[in-house]
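The next block is my_file15.txt, given as compact mmCIF, C-alpha atoms.
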```txt
# COMPACT_ATOMS: atom_id res chain seq x y z
CA MET A 182 91.38 238.81 47.11
CA PHE A 183 88.55 237.37 45.04
CA HIS A 184 84.93 238.47 44.93
CA PHE A 185 82.99 236.80 42.20
CA ASN A 186 79.99 238.08 40.32
CA ASP A 187 77.50 236.31 38.15
CA GLU A 188 77.96 238.26 34.95
CA GLU A 189 81.39 237.38 33.63
CA PRO A 190 83.15 234.07 33.07
CA ILE A 191 85.07 233.00 36.16
CA TYR A 192 88.39 232.76 34.29
CA GLN A 193 87.90 236.38 33.17
CA GLN A 194 87.21 237.45 36.74
CA ILE A 195 90.37 235.74 37.91
CA ALA A 196 92.37 237.52 35.21
CA ASP A 197 90.71 240.86 36.07
CA GLN A 198 91.35 240.54 39.78
CA LEU A 199 94.97 239.48 39.36
CA MET A 200 95.40 242.43 37.04
CA ALA A 201 93.87 244.74 39.63
CA ALA A 202 96.27 243.35 42.25
CA ILE A 203 99.21 244.04 39.92
CA MET A 204 97.95 247.55 39.19
CA THR A 205 97.59 248.48 42.86
CA GLY A 206 100.92 246.86 43.70
CA SER A 207 99.56 244.30 46.11
CA LEU A 208 101.22 241.88 43.70
CA ALA A 209 104.49 243.72 43.06
CA GLU A 210 106.74 243.29 40.06
CA GLY A 211 108.94 240.25 40.62
CA ASP A 212 106.49 238.77 43.15
CA GLN A 213 105.35 235.22 42.79
CA VAL A 214 101.69 234.89 41.83
CA PRO A 215 99.75 232.48 44.09
CA SER A 216 99.82 229.02 42.48
CA THR A 217 96.95 227.65 40.44
CA THR A 218 96.55 224.98 43.08
CA ALA A 219 96.39 227.48 45.92
CA ILE A 220 93.79 229.63 44.16
CA ALA A 221 91.74 226.59 43.08
CA LYS A 222 91.65 225.14 46.59
CA GLY A 223 91.30 228.50 48.31
CA TYR A 224 88.33 229.63 46.26
CA GLN A 225 86.77 226.29 45.23
CA ILE A 226 87.38 226.86 41.55
CA ASN A 227 88.37 224.23 39.02
CA PRO A 228 92.17 224.47 38.56
CA ALA A 229 91.78 224.46 34.76
CA THR A 230 89.59 227.57 35.05
CA VAL A 231 92.18 229.27 37.26
CA LEU A 232 94.92 228.39 34.78
CA LYS A 233 92.87 229.79 31.91
CA GLY A 234 92.57 233.09 33.78
CA MET A 235 96.30 233.18 34.51
CA ASN A 236 97.17 232.38 30.91
CA GLN A 237 95.32 235.51 29.85
CA LEU A 238 97.82 237.52 31.86
CA VAL A 239 100.70 235.50 30.44
CA ASP A 240 99.46 236.39 26.94
CA LEU A 241 99.36 240.06 27.97
CA HIS A 242 102.96 239.74 29.27
CA LEU A 243 101.87 240.82 32.75
CA ILE A 244 103.08 237.60 34.34
CA GLU A 245 105.52 234.96 33.16
CA LYS A 246 105.98 231.31 33.83
CA ARG A 247 109.34 230.28 35.26
CA ARG A 248 109.71 226.59 34.72
CA GLY A 249 109.49 224.62 37.93
CA LEU A 250 109.05 227.74 40.03
CA GLY A 251 105.64 229.14 39.15
CA MET A 252 104.26 232.40 37.82
CA PHE A 253 105.88 235.78 38.50
CA VAL A 254 104.83 239.38 37.89
CA GLN A 255 106.84 240.85 35.02
CA THR A 256 108.87 244.04 35.16
CA GLY A 257 106.78 246.97 33.90
CA ALA A 258 103.55 245.07 34.56
CA GLN A 259 102.15 247.66 36.96
CA GLN A 260 102.29 250.50 34.45
CA GLN A 261 101.02 248.25 31.70
CA ALA A 262 98.08 247.08 33.80
CA ARG A 263 97.22 250.70 34.57
CA THR A 264 97.39 251.64 30.88
CA MET A 265 95.08 248.79 29.96
CA ARG A 266 92.60 249.67 32.68
CA GLN A 267 92.62 253.29 31.57
CA ALA A 268 91.85 252.18 28.03
CA ALA A 269 88.83 250.24 29.30
CA PHE A 270 87.68 253.08 31.56
CA SER A 271 85.46 254.73 28.97
CA ARG A 272 83.72 251.50 28.01
CA ASP A 273 83.30 250.23 31.57
CA PHE A 274 82.42 253.42 33.40
CA ILE A 275 81.84 256.49 31.20
CA LYS A 276 79.45 254.89 28.71
CA PRO A 277 77.16 253.36 31.38
CA LEU A 278 77.27 256.71 33.21
CA LEU A 279 76.19 258.59 30.07
CA GLN A 280 73.47 256.05 29.42
CA GLU A 281 71.99 256.47 32.87
CA ALA A 282 72.33 260.28 32.63
CA LYS A 283 70.37 260.16 29.38
CA ARG A 284 67.59 258.16 30.99
CA LEU A 285 67.47 260.71 33.80
CA ALA A 286 67.35 263.55 31.25
CA LEU A 287 70.47 265.17 32.70
CA THR A 288 72.18 267.65 30.39
CA ASN A 289 75.95 267.49 29.83
CA ASP A 290 76.36 270.66 31.91
CA GLN A 291 74.41 269.16 34.81
CA LEU A 292 76.49 266.02 34.53
CA LEU A 293 79.80 267.91 34.57
CA LYS A 294 78.61 269.89 37.58
CA LEU A 295 77.76 266.67 39.41
CA ILE A 296 81.21 265.27 38.67
CA GLN A 297 82.87 268.47 39.92
CA GLU A 298 80.80 268.46 43.11
CA ALA A 299 81.62 264.80 43.72
CA THR A 300 85.33 265.48 43.17
CA ILE A 301 85.31 268.31 45.72
CA SER A 302 83.45 266.37 48.40
CA ASP A 303 85.68 263.31 47.87
CA MET B 1119 93.44 207.92 30.90
CA THR B 1120 90.54 205.48 30.82
CA LYS B 1121 88.02 206.15 28.06
CA LEU B 1122 84.37 205.47 28.76
CA GLU B 1123 82.01 205.55 25.81
CA LEU B 1124 78.26 205.14 25.58
CA GLN B 1125 76.93 204.50 22.08
CA HIS B 1126 73.21 204.65 21.32
CA VAL B 1127 72.36 203.40 24.79
CA GLN B 1128 68.66 202.86 25.33
CA LYS B 1129 66.81 201.92 28.52
CA HIS B 1130 63.06 201.83 29.12
CA PHE B 1131 61.25 201.46 32.42
CA ASN B 1132 57.64 200.57 33.20
CA THR B 1133 57.35 203.90 34.97
CA GLY B 1134 57.68 205.62 31.61
CA MET B 1135 61.11 207.03 32.39
CA VAL B 1136 63.32 206.45 29.43
CA LEU B 1137 66.82 206.92 28.11
CA GLN B 1138 66.28 207.16 24.39
CA ASP B 1139 69.65 207.40 22.69
CA ILE B 1140 72.58 208.18 24.95
CA ASN B 1141 75.88 209.04 23.27
CA LEU B 1142 78.63 210.17 25.57
CA THR B 1143 82.39 209.99 25.94
CA ILE B 1144 84.16 210.54 29.23
CA ASP B 1145 87.92 210.51 28.70
CA GLN B 1146 89.36 213.75 30.01
CA PRO B 1147 90.80 214.55 33.42
CA GLN B 1148 88.17 217.12 34.22
CA ILE B 1149 85.07 217.66 36.33
CA TYR B 1150 81.86 217.14 34.42
CA GLY B 1151 78.56 218.53 35.68
CA LEU B 1152 75.62 216.29 34.77
CA PHE B 1153 72.33 218.15 34.93
CA GLY B 1154 68.77 217.11 34.23
CA ARG B 1155 65.27 217.67 35.52
CA ASN B 1156 63.81 215.25 38.05
CA GLN B 1157 63.19 211.87 36.39
CA ALA B 1158 65.50 212.75 33.50
CA GLY B 1159 67.43 209.55 34.21
CA LYS B 1160 70.71 210.74 35.72
CA THR B 1161 70.86 207.96 38.31
CA THR B 1162 69.83 205.40 35.69
CA LEU B 1163 72.67 206.59 33.49
CA PHE B 1164 75.15 206.12 36.36
CA ARG B 1165 73.76 202.66 37.15
CA LEU B 1166 74.12 201.65 33.51
CA ILE B 1167 77.72 202.82 33.44
CA THR B 1168 78.56 200.86 36.58
CA GLN B 1169 76.69 197.79 35.29
CA GLN B 1170 74.14 197.67 38.07
CA ILE B 1171 71.55 197.48 35.30
CA SER B 1172 71.85 196.55 31.62
CA PRO B 1173 70.83 198.66 28.64
CA ASP B 1174 68.00 197.47 26.35
CA SER B 1175 70.29 198.21 23.44
CA GLY B 1176 73.46 200.11 22.62
CA ALA B 1177 77.03 199.67 23.78
CA ILE B 1178 79.01 200.78 26.82
CA LEU B 1179 82.74 200.63 26.16
CA LEU B 1180 85.78 200.99 28.35
CA ASP B 1181 88.90 201.70 26.28
CA ASN B 1182 87.09 200.46 23.17
CA GLN B 1183 86.06 197.14 24.71
CA LEU B 1184 82.54 196.19 25.71
CA LEU B 1185 82.22 196.70 29.44
CA GLN B 1186 80.26 193.50 30.07
CA HIS B 1187 83.26 191.51 28.83
CA ASN B 1188 85.63 193.34 31.14
CA ALA B 1189 84.30 192.79 34.61
CA ASN B 1190 87.85 192.91 35.97
CA ARG B 1191 88.09 196.57 35.01
CA ALA B 1192 85.09 197.56 37.08
CA GLN B 1193 87.37 199.12 39.70
CA GLU B 1194 88.36 201.80 37.24
CA MET B 1195 84.98 203.38 37.87
CA THR B 1196 83.30 204.12 41.16
CA LEU B 1197 79.82 205.38 41.91
CA SER B 1198 78.41 207.11 44.94
CA THR B 1199 74.65 207.22 44.82
CA GLN B 1200 71.72 207.06 47.20
CA ASN B 1201 71.11 203.35 46.73
CA SER B 1202 74.73 202.19 46.82
CA VAL B 1203 74.82 201.06 50.42
CA PHE B 1204 77.41 199.66 52.74
CA ALA B 1205 76.50 197.04 55.32
CA PRO B 1206 74.50 198.92 57.98
CA ASN B 1207 75.90 196.79 60.81
CA LEU B 1208 79.54 197.73 60.13
CA THR B 1209 81.26 200.74 61.62
CA LEU B 1210 82.81 203.32 59.31
CA ALA B 1211 86.27 202.15 60.42
CA GLU B 1212 85.39 198.56 59.52
CA ILE B 1213 84.10 199.59 56.10
CA LEU B 1214 87.32 201.50 55.38
CA LYS B 1215 89.45 198.58 56.51
CA TRP B 1216 87.41 196.23 54.32
CA ALA B 1217 87.84 198.60 51.36
CA GLN B 1218 91.60 198.51 51.75
CA LYS B 1219 91.53 194.71 51.65
CA PHE B 1220 89.56 194.59 48.42
CA GLN B 1221 91.25 197.56 46.77
CA PRO B 1222 94.92 197.78 47.74
CA THR B 1223 95.10 201.25 46.17
CA PHE B 1224 92.32 202.58 48.41
CA GLN B 1225 93.63 205.55 50.39
CA HIS B 1226 92.75 204.19 53.77
CA ASN B 1227 94.55 206.73 55.93
CA ALA B 1228 93.42 209.74 53.93
CA ALA B 1229 89.85 208.43 54.05
CA LYS B 1230 89.99 208.09 57.84
CA LYS B 1231 91.49 211.56 58.24
CA THR B 1232 88.97 213.17 55.89
CA ALA B 1233 85.99 211.46 57.50
CA ILE B 1234 87.10 212.68 60.94
CA ALA B 1235 87.77 216.19 59.61
CA MET B 1236 84.23 216.26 58.23
CA GLY B 1237 82.78 215.43 61.60
CA LEU B 1238 82.07 211.73 61.15
CA ASN B 1239 82.64 209.30 64.01
CA LEU B 1240 84.50 206.25 62.71
CA ASN B 1241 83.16 204.03 65.49
CA GLN B 1242 79.57 204.66 64.53
CA LEU B 1243 77.60 202.01 62.64
CA TYR B 1244 76.97 203.01 59.04
CA GLY B 1245 73.28 202.18 59.40
CA ARG B 1246 72.97 204.60 62.31
CA LEU B 1247 74.18 207.62 60.33
CA SER B 1248 71.77 210.31 59.17
CA THR B 1249 71.02 210.41 55.45
CA GLY B 1250 73.30 213.41 55.07
CA ALA B 1251 76.16 211.75 56.95
CA GLN B 1252 75.77 208.59 54.84
CA ILE B 1253 76.05 210.61 51.63
CA MET B 1254 79.08 212.42 53.00
CA PHE B 1255 80.74 209.11 53.84
CA LYS B 1256 79.93 207.64 50.43
CA THR B 1257 81.41 210.67 48.68
CA ILE B 1258 84.59 210.48 50.74
CA PHE B 1259 84.77 206.76 50.02
CA ALA B 1260 84.39 207.25 46.25
CA LEU B 1261 87.04 209.98 46.14
CA MET B 1262 89.54 207.88 48.11
CA THR B 1263 89.45 205.04 45.60
CA SER B 1264 91.97 205.12 42.76
CA ALA B 1265 89.19 204.86 40.16
CA GLU B 1266 89.94 206.73 36.94
CA ILE B 1267 86.28 207.72 36.67
CA VAL B 1268 84.36 208.86 39.74
CA LEU B 1269 80.59 209.29 39.50
CA LEU B 1270 78.97 211.33 42.25
CA ASP B 1271 75.19 211.26 42.24
CA GLU B 1272 73.82 214.18 44.26
CA PRO B 1273 76.79 214.32 46.64
CA THR B 1274 75.16 217.08 48.69
CA LEU B 1275 71.62 215.73 48.96
CA GLY B 1276 70.21 216.56 52.37
CA LEU B 1277 73.31 218.42 53.53
CA ASP B 1278 73.21 221.89 55.07
CA ALA B 1279 75.14 224.77 53.50
CA ALA B 1280 78.23 224.32 55.68
CA ALA B 1281 78.40 220.59 55.00
CA ARG B 1282 77.90 221.16 51.26
CA ASP B 1283 80.77 223.60 51.32
CA LYS B 1284 82.99 220.92 52.88
CA ILE B 1285 82.04 218.48 50.14
CA TYR B 1286 82.85 221.01 47.40
CA GLN B 1287 86.19 221.69 49.08
CA LEU B 1288 86.90 217.97 49.26
CA ILE B 1289 86.10 217.49 45.57
CA ILE B 1290 88.31 220.39 44.44
CA ASP B 1291 91.18 219.43 46.75
CA ASN B 1292 91.00 215.83 45.59
CA PHE B 1293 90.76 216.72 41.90
CA THR B 1294 93.58 219.28 42.11
CA ASP B 1295 95.89 216.71 43.72
CA HIS B 1296 94.75 213.76 41.55
CA PRO B 1297 93.24 214.92 38.26
CA ARG B 1298 90.85 212.33 36.76
CA SER B 1299 87.32 212.24 35.37
CA ILE B 1300 84.77 213.20 38.01
CA VAL B 1301 81.12 213.41 37.02
CA ILE B 1302 78.85 215.24 39.47
CA ALA B 1303 75.08 215.04 39.11
CA SER B 1304 73.43 217.84 41.05
CA HIS B 1305 70.38 220.05 41.10
CA LEU B 1306 72.37 222.79 42.84
CA ILE B 1307 73.73 224.15 39.59
CA ASP B 1308 74.80 227.54 40.94
CA GLU B 1309 76.82 225.90 43.68
CA ILE B 1310 78.86 223.63 41.45
CA THR B 1311 79.36 225.87 38.40
CA ASN B 1312 82.83 226.91 39.56
CA LEU B 1313 83.88 223.32 40.15
CA ILE B 1314 83.20 222.03 36.65
CA THR B 1315 84.61 222.64 33.18
CA GLN B 1316 82.33 220.43 31.08
CA VAL B 1317 78.53 220.59 31.03
CA LEU B 1318 76.37 217.56 30.31
CA ILE B 1319 72.61 218.03 30.13
CA LEU B 1320 70.33 215.01 30.06
CA ASN B 1321 66.99 216.00 28.58
CA ASP B 1322 64.23 214.06 26.82
CA GLY B 1323 66.25 210.85 26.98
CA VAL B 1324 69.36 212.17 25.23
CA ILE B 1325 72.52 214.06 26.17
CA SER B 1326 71.34 217.34 24.68
CA VAL B 1327 74.39 219.34 25.78
CA ASP B 1328 78.00 218.14 26.00
CA THR B 1329 79.98 221.38 25.87
CA PRO B 1330 82.78 223.12 27.76
CA LEU B 1331 81.24 225.44 30.35
CA ASP B 1332 82.95 228.58 29.02
CA THR B 1333 81.88 227.85 25.44
CA LEU B 1334 78.30 227.13 26.45
CA LEU B 1335 78.00 230.36 28.44
CA ALA B 1336 79.79 232.44 25.81
CA GLN B 1337 77.20 231.32 23.24
CA ALA B 1338 74.32 232.27 25.51
CA TYR B 1339 72.83 235.69 26.10
CA ILE B 1340 70.37 237.55 28.26
CA LEU B 1341 69.40 240.88 26.84
CA SER B 1342 66.85 243.34 28.03
CA GLY B 1343 65.53 246.64 26.81
CA PRO B 1344 62.36 248.57 26.00
CA GLU B 1345 59.64 246.26 24.69
CA ASN B 1346 59.24 248.21 21.46
CA THR B 1347 62.95 248.11 20.68
CA VAL B 1348 63.46 244.43 21.50
CA LYS B 1349 60.40 243.53 19.40
CA THR B 1350 62.15 244.83 16.27
CA LEU B 1351 65.30 242.73 16.79
CA THR B 1352 65.93 239.47 14.99
CA LEU B 1353 67.36 237.24 17.70
CA PRO B 1354 68.77 233.72 17.33
CA ASP B 1355 67.40 230.71 19.25
CA LYS B 1356 65.22 232.37 21.87
CA LEU B 1357 64.67 230.13 24.91
CA LYS B 1358 62.65 232.40 27.14
CA VAL B 1359 61.06 235.79 26.61
CA THR B 1360 59.60 237.79 29.48
CA THR B 1361 57.94 241.18 29.27
CA LEU B 1362 57.23 243.15 32.40
CA LEU B 1363 56.62 246.88 32.91
CA GLY B 1364 57.52 247.70 29.33
CA THR B 1365 60.87 245.91 29.50
CA THR B 1366 61.46 242.74 27.54
CA THR B 1367 64.11 240.23 28.61
CA VAL B 1368 65.24 237.49 26.28
CA LEU B 1369 67.31 234.45 27.17
CA GLY B 1370 68.79 232.66 24.19
CA GLN B 1371 71.77 231.20 22.40
CA GLY B 1372 73.66 232.23 19.30
CA THR B 1373 75.43 235.14 17.67
CA LEU B 1374 73.65 238.43 18.18
CA PRO B 1375 73.20 241.28 15.71
CA LYS B 1376 74.53 244.70 16.68
CA LEU B 1377 72.33 245.92 19.50
CA PRO B 1378 70.87 249.41 19.99
CA ALA B 1379 72.35 251.42 22.87
CA ASP B 1380 69.28 251.04 25.10
CA VAL B 1381 69.51 247.25 25.05
CA THR B 1382 71.77 245.75 27.70
CA LEU B 1383 73.49 242.43 27.27
CA LYS B 1384 74.64 239.97 29.90
CA GLN B 1385 75.91 236.44 29.97
CA PRO B 1386 73.38 234.22 31.76
CA ASN B 1387 74.56 231.96 34.53
CA LEU B 1388 74.42 228.22 34.01
CA GLN B 1389 71.34 227.74 36.15
CA ASN B 1390 69.27 230.23 34.13
CA LEU B 1391 70.46 228.71 30.90
CA PHE B 1392 69.65 225.21 32.15
CA ILE B 1393 66.10 226.27 33.00
CA GLY B 1394 65.69 227.80 29.55
CA LEU B 1395 67.04 224.70 27.87
CA THR B 1396 65.00 222.13 29.78
CA GLN B 1397 61.70 223.85 30.48
CA PRO B 1398 59.00 222.80 28.00
CA GLU B 1399 57.65 225.93 26.33
CA ASN B 1400 54.03 225.39 27.30
CA THR B 1401 54.85 225.67 30.98
CA MET B 1402 56.74 228.96 30.70
CA ARG B 1403 55.42 231.99 32.45
CA GLY B 1404 55.19 235.41 30.88
CA VAL B 1405 55.92 234.26 27.36
CA THR B 1406 55.07 236.79 24.71
CA SER B 1407 56.61 235.32 21.59
```

Can the structure from this file be put into structure tokens for me?
Amino acid sequence: MFHFNDEEPIYQQIADQLMAAIMTGSLAEGDQVPSTTAIAKGYQINPATVLKGMNQLVDLHLIEKRRGLGMFVQTGAQQQARTMRQAAFSRDFIKPLLQEAKRLALTNDQLLKLIQEATISD
Amino acid sequence: MTKLELQHVQKHFNTGMVLQDINLTIDQPQIYGLFGRNQAGKTTLFRLITQQISPDSGAILLDNQLLQHNANRAQEMTLSTQNSVFAPNLTLAEILKWAQKFQPTFQHNAAKKTAIAMGLNLNQLYGRLSTGAQIMFKTIFALMTSAEIVLLDEPTLGLDAAARDKIYQLIIDNFTDHPRSIVIASHLIDEITNLITQVLILNDGVISVDTPLDTLLAQAYILSGPENTVKTLTLPDKLKVTTLLGTTTVLGQGTLPKLPADVTLKQPNLQNLFIGLTQPENTMRGVTS
């Protein structure tokens, strides 16, 4: 499940990847989230760091803690995760795309054409 | 939780190596990473804590009591380092049996199982082991004690990548099951970043950094952009500035002003930050400011 990069805090990457799993449904609503212990041992990450990542999702109401049982994906979490990812889409993908296009001196029309071509060939 | 405190600890050596003024508290169940350049005094610090040597001045306290008056509490701390040796003419099995006799809480069976799982032969004489295998055994031994504070000095020295991975796994498994204070001194910063939550940097004879990993990294920045743009920016606490092919990259710490669109910002990794923090300026390459 986890592929780590060098550019973001590890707890953030854990939160992001759990969120991605919820969005795609590989962690379905009502499913139990792998335990902090299992993720810590499985990926050689300090359990406090794993917990910090999970708590981000608890704060976003994507997962909830059931006392004595563990963490579970909340009802409605999939749609919510998608909405949040969509909100971040411009910042994470469109803006860097426009920046690179500017450096390449591509006009908006050229850019739109490239996007259309890529959509067709996809 | 046992509280270990070092207050104004000073230690000089004829070799010139020196601990100037060490102030440090270890009292949380977490994994601390202790980093320092060669000769910074990491091993000396560990040997002071475990009373193998005495400080010139300053105090080392365990739960607010001077350590030298509490020899009976020595078992609350354990150290694995290059020079802590077991009798070379004993087999690993004999050493583990002996440990159980002296420390009833020593996890004898788990130690045996772990040593075998890591490829060690319990019937071999300790003195016949390779340097790497000796370090592996010492690390297993330290982690199988019930010490509240475990000090691991270069637990992967001389080990290949696969063996290092096993050691990291052992540390995380052990800590997850039995949270306590573990201090790891290592030069392989990238490899242990994910294991730790608290960063200690020993530099110029003092603990210059004692900060949660996330906080330390969140305060640090690497930005890069066109030389002419970056030149105009007022940046806090610059540690390293490199200009190459018209692009300037700055590593630093602090709160940044709003950046122009053609300047990209990243969070440095711990290793890069460590280099910036401990590399004397006059030896830096490519410095332009």

Checklist entry - Hey, what's within 9 Å of Lys1121 of chain B if we count all atoms listed in the file and toss same-chain stuff fewer than 2 positions away? As an MDAnalysis selection string, please? => result chainID B and resid 1119 1123 1143:1146 1179:1182 1267

Give me, as a short mmCIF file (atom, residue, chain, number, x, y, z; two decimals) with C-alpha atoms, in the coordinates of the input, all polymer residues having an atom no more than 12 Å from segment 250-260 of chain A, counting only C-alpha atoms and skipping those fewer than 5 positions away in the same chain.
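Result file result_14.cif:
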```cif
data_model
loop_
_atom_site.label_atom_id
_atom_site.label_comp_id
_atom_site.auth_asym_id
_atom_site.auth_seq_id
_atom_site.Cartn_x
_atom_site.Cartn_y
_atom_site.Cartn_z
CA LEU A 199 94.97 239.48 39.36
CA MET A 200 95.40 242.43 37.04
CA ALA A 201 93.87 244.74 39.63
CA ALA A 202 96.27 243.35 42.25
CA ILE A 203 99.21 244.04 39.92
CA MET A 204 97.95 247.55 39.19
CA THR A 205 97.59 248.48 42.86
CA GLY A 206 100.92 246.86 43.70
CA SER A 207 99.56 244.30 46.11
CA LEU A 208 101.22 241.88 43.70
CA ALA A 209 104.49 243.72 43.06
CA GLU A 210 106.74 243.29 40.06
CA GLY A 211 108.94 240.25 40.62
CA ASP A 212 106.49 238.77 43.15
CA GLN A 213 105.35 235.22 42.79
CA VAL A 214 101.69 234.89 41.83
CA PRO A 215 99.75 232.48 44.09
CA SER A 216 99.82 229.02 42.48
CA THR A 217 96.95 227.65 40.44
CA THR A 218 96.55 224.98 43.08
CA ALA A 219 96.39 227.48 45.92
CA LEU A 232 94.92 228.39 34.78
CA MET A 235 96.30 233.18 34.51
CA ASN A 236 97.17 232.38 30.91
CA LEU A 238 97.82 237.52 31.86
CA VAL A 239 100.70 235.50 30.44
CA ASP A 240 99.46 236.39 26.94
CA LEU A 241 99.36 240.06 27.97
CA HIS A 242 102.96 239.74 29.27
CA LEU A 243 101.87 240.82 32.75
CA ILE A 244 103.08 237.60 34.34
CA GLU A 245 105.52 234.96 33.16
CA MET A 265 95.08 248.79 29.96
CA ARG A 266 92.60 249.67 32.68
CA GLN A 267 92.62 253.29 31.57
#
```

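Minimum atom-to-atom distance to Tyr192 of chain A, evaluated using all atoms listed in the file, belongs to B:Leu1313 out of B:Ile1319, B:Leu1288, B:Leu1313, B:Leu1240.
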
Next on the checklist: At a cut-off of 6 Å, which residues of chain A touch chain B? Count only C-alpha atoms and give the answer as a list in words.
Outcome noted: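 Close to chain B, chain A has Glu188, Lys222, Ile226 and Asn227 of chain A.
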
Next on the checklist: Using Å and a single decimal, report how far atom CA of Gly1159 of chain B sits from atom CA of Phe1131 of chain B.
Outcome noted: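 Between these atoms lies a distance of 10.3 Å.
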
Checklist entry - If you count all atoms listed in the file, which residues fall within 8 Å of Pro1206 of chain B, apart from same-chain ones fewer than 5 positions away, as a list in words? => result Leu1243, Tyr1244, Gly1245 and Arg1246 of chain B

Next on the checklist: Please report the interatomic distance between atom CA of Leu1185 of chain B and atom CA of Val1268 of chain B in Å with one decimal.
Outcome noted: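 Straight-line distance from atom CA of Leu1185 of chain B to atom CA of Val1268 of chain B works out to 16.1 Å.
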
Next on the checklist: Calculated over all atoms listed in the file, which of the candidates B:Val1348, B:Leu1261, B:Ile1302, B:Leu1152 has the smallest distance to Thr1274 of chain B?
Outcome noted: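 Closest to Thr1274 of chain B, using all atoms listed in the file: B:Ile1302.
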
Item to check | Gln1389 of chain B surroundings by only C-alpha atoms, 8 Å radius, close-in-sequence under 3 positions cut, as a PyMOL selection string | outcome: chain B and resi 1307-1308+1392-1393

Next on the checklist: So the first atom is atom CA of Phe1259 of chain B and the second is atom CA of Thr1196 of chain B; what is the distance between them in Å, to one decimal place?
Outcome noted: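 Between atom CA of Phe1259 of chain B and atom CA of Thr1196 of chain B the gap is 9.4 Å.
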
Item to check | Within 10 Å of Ala1158 of chain B using only C-alpha atoms, minus same-chain residues under 4 positions, as a list in words | outcome: Met1135, Val1136, Leu1137, Phe1153, Gly1154, Thr1162, Leu1163, Ile1319, Leu1320, Asn1321, Asp1322, Gly1323 and Val1324 of chain B

For segment 212-216 of chain A, supply all heavy atoms and format the output as a PDB file, keeping the file's coordinate frame.
```pdb
ATOM      1  N   ASP A 212     107.171 239.654  42.169  1.00  0.00           N
ATOM      2  CA  ASP A 212     106.490 238.770  43.150  1.00  0.00           C
ATOM      3  C   ASP A 212     106.015 237.492  42.475  1.00  0.00           C
ATOM      4  O   ASP A 212     105.668 237.493  41.298  1.00  0.00           O
ATOM      5  CB  ASP A 212     105.252 239.472  43.728  1.00  0.00           C
ATOM      6  CG  ASP A 212     105.579 240.326  44.931  1.00  0.00           C
ATOM      7  OD1 ASP A 212     106.784 240.432  45.265  1.00  0.00           O
ATOM      8  OD2 ASP A 212     104.643 240.908  45.509  1.00  0.00           O
ATOM      9  N   GLN A 213     105.938 236.461  43.280  1.00  0.00           N
ATOM     10  CA  GLN A 213     105.350 235.220  42.790  1.00  0.00           C
ATOM     11  C   GLN A 213     103.824 235.310  42.903  1.00  0.00           C
ATOM     12  O   GLN A 213     103.291 235.742  43.929  1.00  0.00           O
ATOM     13  CB  GLN A 213     105.865 234.024  43.590  1.00  0.00           C
ATOM     14  CG  GLN A 213     105.322 232.713  43.056  1.00  0.00           C
ATOM     15  CD  GLN A 213     106.058 231.498  43.582  1.00  0.00           C
ATOM     16  OE1 GLN A 213     106.844 231.606  44.529  1.00  0.00           O
ATOM     17  NE2 GLN A 213     105.826 230.356  42.972  1.00  0.00           N
ATOM     18  N   VAL A 214     103.150 234.929  41.832  1.00  0.00           N
ATOM     19  CA  VAL A 214     101.690 234.890  41.830  1.00  0.00           C
ATOM     20  C   VAL A 214     101.268 233.629  42.591  1.00  0.00           C
ATOM     21  O   VAL A 214     101.915 232.589  42.431  1.00  0.00           O
ATOM     22  CB  VAL A 214     101.163 234.849  40.377  1.00  0.00           C
ATOM     23  CG1 VAL A 214      99.647 234.812  40.333  1.00  0.00           C
ATOM     24  CG2 VAL A 214     101.692 236.039  39.584  1.00  0.00           C
ATOM     25  N   PRO A 215     100.208 233.698  43.420  1.00  0.00           N
ATOM     26  CA  PRO A 215      99.750 232.480  44.090  1.00  0.00           C
ATOM     27  C   PRO A 215      99.570 231.350  43.058  1.00  0.00           C
ATOM     28  O   PRO A 215      99.142 231.615  41.931  1.00  0.00           O
ATOM     29  CB  PRO A 215      98.409 232.874  44.702  1.00  0.00           C
ATOM     30  CG  PRO A 215      98.481 234.361  44.854  1.00  0.00           C
ATOM     31  CD  PRO A 215      99.368 234.855  43.750  1.00  0.00           C
ATOM     32  N   SER A 216      99.871 230.136  43.439  1.00  0.00           N
ATOM     33  CA  SER A 216      99.820 229.020  42.480  1.00  0.00           C
ATOM     34  C   SER A 216      98.387 228.707  42.080  1.00  0.00           C
ATOM     35  O   SER A 216      97.445 229.008  42.814  1.00  0.00           O
ATOM     36  CB  SER A 216     100.469 227.786  43.085  1.00  0.00           C
ATOM     37  OG  SER A 216      99.638 227.261  44.099  1.00  0.00           O
TER      38      SER A 216
END
```
